[in-house]
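The structure appears right after this line, and notes come after that.
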Amino acid sequence: MLYFRGCTARQKETGIADATEKLLKLADVDYHVLDDEKCCGSVLLRTGFEKEAKKQIAKNTEVFGDETILTSCAGCYKTLLQDYEGLDVIHISELLAILIDEGRLKFDKKDLNVTYHDSCHLGRHCKVFDEPRKVIKSAANLIEMKNIKKYSLCWGAGGGVKSAYPQIASELADAKISQAKDTKCKALITACPFCKLNLKGHDLEVLDLTEFLIKYGGE
């Protein structure tokens, strides 16, 4: 299995990549990473640079081969799954759910209330709704927000919005945090590094799914 970390987890939210690798090792998963990992091309595609994205996709396809590709990033997952051809791709939330079912990962469930943010790419675009929730419930109490799954509020930064319209991105993130706070939760969990990047910085703990398990899943 190739663990494709993605630009955000590899460069800006490195704690996510670290937590993911810790969990893979705990479950004795045979994996490796690319020393010279490149962008999957998602940002180029979502901002209209299709020609450049196709070149990037072609370069990456030569490197990937026929291995199963594991992703941390919801944007990477959507891109590798839907914009590449013939790849076997799995998101970390899906793999964690499998490992829990197989008994290869076990967590000490706490009386801790947390809530979960469905990212647009993982949720509405790829229909991965249940696996992250199953993983969370193995370690804590899941308190849902008002808008969830396909009705989840966007956090406002994808598709170049954060770069081009930072005020709009900030306002949407504030609205999302407000819904999370309404649940009286201890932490907001997401399964997308880019979502975490835009949602953090408020007076509510925001964690990637893998970071949450490492921090709260033990004894």
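Starting from 1 in every chain, residues are counted up; chains themselves are A, B, ... following the order of the structure tokens, and ligands are numbered from 1 as listed.
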| query | What lies within 12 Å of Thr210 in chain A using only C-alpha atoms, ignoring chain neighbours under 3 positions off, as a PyMOL selection string? | reply | chain A and resi 9+13-24+71-73+91-97+132+135-136+139+189-193+196+206-207+213-217
| request: Find the residues near Glu85 in chain A: any atom within 10 Å, counting only C-alpha atoms, skip ones fewer than 5 places away on the same chain, and give them as a PyMOL selection string. | output: chain A and resi 57+61+80
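Separating CA of Val43 in chain A from CA of Ile69 in chain A is a distance of 18.9 Å.
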| query | Counting only C-alpha atoms, what is within 7 Å of Leu112 in chain A, bar same-chain residues fewer than 2 positions away, as a ChimeraX atom specification? | reply | /A:110,114,140-141
| field | One-decimal distance in Å that lies between CA of Leu99 in chain A and CA of His121 in chain A | value |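 Here the two named atoms are 22.8 Å from each other.
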Write out, as a Markdown table, each residue of range 20-97 of chain A that has an atom at most 12 Å from range 150-169 of chain A, together with the closest pair of atoms and their distance in Å to one decimal, counting only C-alpha atoms, rows going by chain and rising number.
| residue | atom | partner | partner_atom | distance |
| --- | --- | --- | --- | --- |
| A:Ser42 | CA | A:Gly159 | CA | 9.0 |
| A:Val43 | CA | A:Gly159 | CA | 7.0 |
| A:Leu44 | CA | A:Gly159 | CA | 9.1 |
| A:Leu45 | CA | A:Gly159 | CA | 8.7 |
| A:Arg46 | CA | A:Gly159 | CA | 5.1 |
| A:Thr47 | CA | A:Gly159 | CA | 5.8 |
| A:Gly48 | CA | A:Gly159 | CA | 9.2 |
| A:Phe49 | CA | A:Gly159 | CA | 11.5 |
| A:Ala74 | CA | A:Gly158 | CA | 11.0 |
| A:Gly75 | CA | A:Gly158 | CA | 9.0 |
Serialized selection, C-alpha atoms, as a tab-separated table (two decimals), in the first residue's frame:
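Once written, again20.tsv looks like this:
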chain	number	residue	atom	x	y	z
A	42	SER	CA	-6.66	18.65	-7.35
A	43	VAL	CA	-5.97	22.36	-6.89
A	44	LEU	CA	-5.15	22.79	-10.58
A	45	LEU	CA	-8.36	21.02	-11.58
A	46	ARG	CA	-10.62	22.93	-9.15
A	47	THR	CA	-9.23	26.31	-10.21
A	48	GLY	CA	-9.52	25.77	-13.96
A	49	PHE	CA	-5.97	24.78	-14.98
A	74	ALA	CA	-10.47	14.26	0.90
A	75	GLY	CA	-9.47	16.34	-2.12
| Using only C-alpha atoms, which of the listed residues (A:Val128, A:Ala58, A:Leu188, A:Leu105) sits closest to Leu209 in chain A? |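 The shortest atom-to-atom distance to Leu209 in chain A comes from A:Leu188.
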| query | Please, what distance in Å, to one decimal, runs between CA of Gly65 in chain A and CA of Lys78 in chain A? | reply |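 Result for CA of Gly65 in chain A versus CA of Lys78 in chain A: 18.3 Å, one decimal.
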| query | Counting only C-alpha atoms, which of A:His125, A:Lys109, A:Lys149, A:Lys184 gets nearest to Glu205 in chain A? | reply |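 Checking each of A:His125, A:Lys109, A:Lys149, A:Lys184 against Glu205 in chain A, counting only C-alpha atoms, the winner is A:Lys184.
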| task | Run DSSP on the backbone and grab whatever in range 2-197 of chain A lands in helix (DSSP H, G or I); send it over as a ChimeraX atom specification. | result | /A:7-12,14-26,42-46,50-64,74-82,92-101,121-125,130-137,149-151,158-164,166-182,193-197
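Nearest to Asp35 in chain A of all the residues A:Phe194, A:Tyr77, A:Phe4, A:Phe107 is A:Phe4, based on only C-alpha atoms.
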| query | Can you tell me, as a list in words, what residues are no more than 10 Å from Asp30 in chain A when counting only C-alpha atoms, ignoring any on the same chain fewer than 6 positions away? | reply | Met1, Leu2, Tyr3 and Leu24 of chain A
